[in-house]
Amino acid sequence: MTMSFLSLRALTKTYPGNVQVVRGLDLDVAQGEFISLLGPSGCGKTTTLHMVAGFANPTSGHVFLNGNDISGVRPEKRDMGLVFQGYALFPHMTVAQNVGFGLEMRKMARAQAASRIEEALEMVRLHGLGGRYPRELSGGQRQRVAIARALAIRPQVLLLDEPMSNLDAKLRGEMHVEMRALQRQLGITTILVTHDQVEAMTMSDRIAVMSEGKIAQLGTPFDVYDRPASGFASSFLGQTNVIPGRVTEMREHCAMVQAGPCLMRIPHAGDKISGDVGVYIRPERLRLAAVGTGNLSGTVKTRLFLGNLWLYEVESALGRLRLTSANLGEQLPQEGEDIGLSWRDEDLRAIPGERANG
Amino acid sequence: MADIPTPRPGAPWGLSAPALLLFIGVLLVPLALTAVLSFNAFDGMRGIQPGFTLANYAEVLTDGYYREVFIRTGLMSLGVTALCVLFGVPETLILARMRAPWSGMFLVVILGPLLISVVVRTLGWSVLLGNQGLVNSALQSMGATHEPIRFLFSMLGVVIALTHVLLPFMIIAVWSALQKLDPQVEHAGRSLGASPTTSFLRVVFPQLLPGVLSGSIIVFALSASAFATPSIIGGRRVKVVATATYDEFLNSLNWPLGATIAILLLLANIVIIVGCNRLVERRFKQVFAA
């Protein structure tokens, strides 16, 4: 078995009362990779991170770092930098003392530590604030101190536990870009735990979508969004329409699916599907067309203005469908108007085994 | 939008009047009378003489007996406070880590003694600590000592009983500080390379200091003015300020001298508490500001 830089093997955590929070999770993280564990609360992502950090002992399974089994190693010996949801700064220490705490624990010489602290603060653009106390800083600055503190020890792995959830939306967006740039520049292997799909998509090389203690899908943000392996992955990342259908015929490169009055040609990667399927299509891939044209006709029920987009809800023979249309300053259908709907075959996904309920 | 009525001027005074009157009537007036009393003269034949004299203060401050009583009281309070910190902080931490039904149950067990009269509790201790009491029998049967240890009518017994009586106050104070602590800071310390002990001492404990300080103030003040426990367990042998005051009032009937001792105890308490408070707050400014 080849081992990557950081490997989780059959990692399982069972809490008293036989509650399985993480169930046999396997994950390989390459050196320098940014990987996100994305999922709703209770999916086991935080417990997984705690097992990597050493705060929780796996019930079974192992964590390997550089080929060494570190499952039994105490957290203070793991050499991992952590950024916590509430930052967990030490309020009784200055910013410099916070950042230097890990260096002090490593008994680094004072002068060397001072320059390392300066360097870490510079990385997060906080130079000159070393003498302040955490309570004298804004939320965004505290976040940066937490990052600098984790990076100052030059850890082998950086672990981020919902680090942006206390920031307001605008600041969060800026931090995503900045954090990603910093991670690339340092080339530090990073695991992010989040329930925010935008956060996971903007920062990660790969996303592991987690559900019920397992990885439901692992892939690049584009793959996971565009080629969801399951209805869960599809509906958790962004919005989607689900149309109930039935496979009538399998051809070489596509499946023929009957959904209401429509016969759809849905491309597939080669795996056989049959019977009832859910047909998934993203709102941005459904398009408005003139009445009588397109694949389907419908009536506009509601139309909401979102600034950059118009959000439509359209009543059709396939049920109520959502679609978005970019605000390009064009004349668009009003509420109550009859319209046509069109899509391309390659925008459709057929996912078997899940009864559509959309 | 419902308007929030602006309070009439004077309404706050009116509303707090009952509490204020009670406060003035049962605390400030007696305190002022005690202060006045302490400046009166006393004559063994004629009783209390009105007038103004500093003779009582001069007597208490120069007499070696009273100095000894004050120093003994101070050391006792300091010892009790130290023991309460030593036991109270770990006890609170253990309590906080217990699972749901247990932590509540044990909190009740710890606070339970407060529901029992201090006299009853102290008499309980005197039964336990007597020469033929449970503690001495146990120690002797284990062979830890041949002679019974003198707990009753000794400082040791008083300190043990007072620590037990006052420990709940320390635990409540530290408990409330612990509730405000971000539970992740300990993990943060560990992830940066600190052992559990270092992480506790450098990261967690400094943040508990406000609780430890307010607990210490309560414990110190209460033990410096404790009466029932020193008088029942300490008896005449371990005289403290409160029991000395009692002696003056009820045995010598020298009320002015008793009042003087009481006032001096109050002043000493205020000076020590305010001083310590200042010192600790300055040293750990950032923790208290947060």
# chains A, B, ... in the order shown; residues from 1 in each chain; ligands from 1
call {"tool": "residues_around", "arguments": {"residues": "stretch 339-350 of chain A", "least_positions_apart": "2", "cutoff": "9 Å", "atoms": "only C-alpha atoms", "output": "count of residues only"}}
result
38
call {"tool": "residues_around", "arguments": {"residues": "A:Ser60", "least_positions_apart": "2", "cutoff": "7 Å", "atoms": "only C-alpha atoms", "output": "short mmCIF file (atom, residue, chain, number, x, y, z; two decimals) with N, CA and C atoms, in the first residue's frame"}}
result
data_model
loop_
_atom_site.label_atom_id
_atom_site.label_comp_id
_atom_site.auth_asym_id
_atom_site.auth_seq_id
_atom_site.Cartn_x
_atom_site.Cartn_y
_atom_site.Cartn_z
N LEU A 11 -10.30 4.92 9.74
CA LEU A 11 -10.45 5.66 10.99
C LEU A 11 -11.90 5.57 11.48
N THR A 12 -12.04 5.13 12.73
CA THR A 12 -13.38 4.96 13.29
C THR A 12 -13.42 5.54 14.69
N LYS A 13 -14.49 6.25 15.00
CA LYS A 13 -14.67 6.75 16.35
C LYS A 13 -16.07 6.39 16.82
N PRO A 58 -8.73 7.44 18.13
CA PRO A 58 -9.59 6.61 17.28
C PRO A 58 -9.98 5.33 18.01
N HIS A 62 -5.99 4.15 11.91
CA HIS A 62 -4.70 4.78 12.16
C HIS A 62 -4.56 6.09 11.39
#
call {"tool": "interface_residues", "arguments": {"of": "chain B", "to": "chain A", "cutoff": "8 Å", "atoms": "only C-alpha atoms", "output": "PyMOL selection string"}}
result
chain B and resi 182+184-185+187-195+203+206-207+284-287+290
call {"tool": "residues_around", "arguments": {"residues": "stretch 109-124 of chain B", "least_positions_apart": "5", "cutoff": "12 Å", "atoms": "only C-alpha atoms", "output": "PyMOL selection string"}}
result
chain B and resi 88+91-92+95+102-104+129-130+133-134+152+157-172+226-234
call {"tool": "atom_distance", "arguments": {"atom1": "atom CA of A:Gln20", "atom2": "atom CA of B:Arg99"}}
result
19.1 Å
call {"tool": "closest_residue", "arguments": {"among": "A:Gly44, A:Pro261, A:Gly307, A:Gly336", "to": "A:His195", "atoms": "only C-alpha atoms"}}
result
A:Gly44
call {"tool": "residues_around", "arguments": {"residues": "B:Pro50", "least_positions_apart": "3", "cutoff": "9 Å", "atoms": "only C-alpha atoms", "output": "MDAnalysis selection string"}}
result
chainID B and resid 37 39:42
call {"tool": "select_by_dssp", "arguments": {"residues": "stretch 5-239 of chain A", "states": "helix (DSSP H, G or I)", "output": "PyMOL selection string"}}
result
chain A and resi 45-53+75-77+95-105+110-123+134-136+139-152+169-186+197-203+221-226+231-236
call {"tool": "residues_around", "arguments": {"residues": "B:Ser38", "least_positions_apart": "5", "cutoff": "7 Å", "atoms": "only C-alpha atoms", "output": "PyMOL selection string"}}
result
chain B and resi 56+256-257+259-260
call {"tool": "atom_distance", "arguments": {"atom1": "atom CA of B:Trp255", "atom2": "atom CA of B:Met155"}}
result
27.0 Å
call {"tool": "atom_distance", "arguments": {"atom1": "atom CA of A:Phe222", "atom2": "atom CA of A:Thr324"}}
result
19.1 Å
call {"tool": "decode", "arguments": {"residues": "stretch 2-51 of chain B", "atoms": "C-alpha atoms", "output": "PDB file, in the first residue's frame"}}
result
ATOM      1  CA  ALA B   2     -44.185  50.259  21.615  1.00  0.00           C
ATOM      2  CA  ASP B   3     -42.645  53.185  23.410  1.00  0.00           C
ATOM      3  CA  ILE B   4     -40.477  52.406  26.352  1.00  0.00           C
ATOM      4  CA  PRO B   5     -41.672  54.850  28.984  1.00  0.00           C
ATOM      5  CA  THR B   6     -38.898  57.089  30.243  1.00  0.00           C
ATOM      6  CA  PRO B   7     -38.617  56.652  34.010  1.00  0.00           C
ATOM      7  CA  ARG B   8     -39.704  59.622  36.062  1.00  0.00           C
ATOM      8  CA  PRO B   9     -36.788  61.336  37.755  1.00  0.00           C
ATOM      9  CA  GLY B  10     -36.497  59.984  41.249  1.00  0.00           C
ATOM     10  CA  ALA B  11     -38.233  56.739  40.318  1.00  0.00           C
ATOM     11  CA  PRO B  12     -35.036  54.686  40.747  1.00  0.00           C
ATOM     12  CA  TRP B  13     -34.653  56.090  44.267  1.00  0.00           C
ATOM     13  CA  GLY B  14     -38.275  55.392  45.056  1.00  0.00           C
ATOM     14  CA  LEU B  15     -38.041  51.826  43.799  1.00  0.00           C
ATOM     15  CA  SER B  16     -34.857  51.027  45.673  1.00  0.00           C
ATOM     16  CA  ALA B  17     -35.995  52.799  48.844  1.00  0.00           C
ATOM     17  CA  PRO B  18     -37.135  49.659  50.705  1.00  0.00           C
ATOM     18  CA  ALA B  19     -33.796  47.948  50.114  1.00  0.00           C
ATOM     19  CA  LEU B  20     -31.891  51.128  50.930  1.00  0.00           C
ATOM     20  CA  LEU B  21     -33.772  51.642  54.176  1.00  0.00           C
ATOM     21  CA  LEU B  22     -33.113  48.067  55.218  1.00  0.00           C
ATOM     22  CA  PHE B  23     -29.444  48.466  54.307  1.00  0.00           C
ATOM     23  CA  ILE B  24     -29.174  51.709  56.270  1.00  0.00           C
ATOM     24  CA  GLY B  25     -31.173  50.411  59.220  1.00  0.00           C
ATOM     25  CA  VAL B  26     -29.476  47.080  59.770  1.00  0.00           C
ATOM     26  CA  LEU B  27     -25.964  47.796  58.533  1.00  0.00           C
ATOM     27  CA  LEU B  28     -24.937  51.425  58.364  1.00  0.00           C
ATOM     28  CA  VAL B  29     -26.579  52.645  61.579  1.00  0.00           C
ATOM     29  CA  PRO B  30     -25.227  49.828  63.799  1.00  0.00           C
ATOM     30  CA  LEU B  31     -21.834  50.222  62.158  1.00  0.00           C
ATOM     31  CA  ALA B  32     -21.840  53.960  62.843  1.00  0.00           C
ATOM     32  CA  LEU B  33     -22.950  53.353  66.449  1.00  0.00           C
ATOM     33  CA  THR B  34     -20.127  50.845  66.867  1.00  0.00           C
ATOM     34  CA  ALA B  35     -17.667  53.371  65.503  1.00  0.00           C
ATOM     35  CA  VAL B  36     -18.957  56.029  67.927  1.00  0.00           C
ATOM     36  CA  LEU B  37     -18.826  53.524  70.781  1.00  0.00           C
ATOM     37  CA  SER B  38     -15.183  52.783  70.061  1.00  0.00           C
ATOM     38  CA  PHE B  39     -14.294  56.386  70.906  1.00  0.00           C
ATOM     39  CA  ASN B  40     -16.079  56.284  74.273  1.00  0.00           C
ATOM     40  CA  ALA B  41     -14.199  55.722  77.483  1.00  0.00           C
ATOM     41  CA  PHE B  42     -14.855  52.814  79.837  1.00  0.00           C
ATOM     42  CA  ASP B  43     -14.549  52.725  83.562  1.00  0.00           C
ATOM     43  CA  GLY B  44     -14.733  49.468  85.487  1.00  0.00           C
ATOM     44  CA  MET B  45     -16.952  51.035  88.168  1.00  0.00           C
ATOM     45  CA  ARG B  46     -19.097  53.493  86.243  1.00  0.00           C
ATOM     46  CA  GLY B  47     -19.434  51.763  82.869  1.00  0.00           C
ATOM     47  CA  ILE B  48     -19.377  53.518  79.505  1.00  0.00           C
ATOM     48  CA  GLN B  49     -18.509  57.241  79.633  1.00  0.00           C
ATOM     49  CA  PRO B  50     -19.616  59.478  76.760  1.00  0.00           C
ATOM     50  CA  GLY B  51     -16.892  61.572  75.179  1.00  0.00           C
TER      51      GLY B  51
END
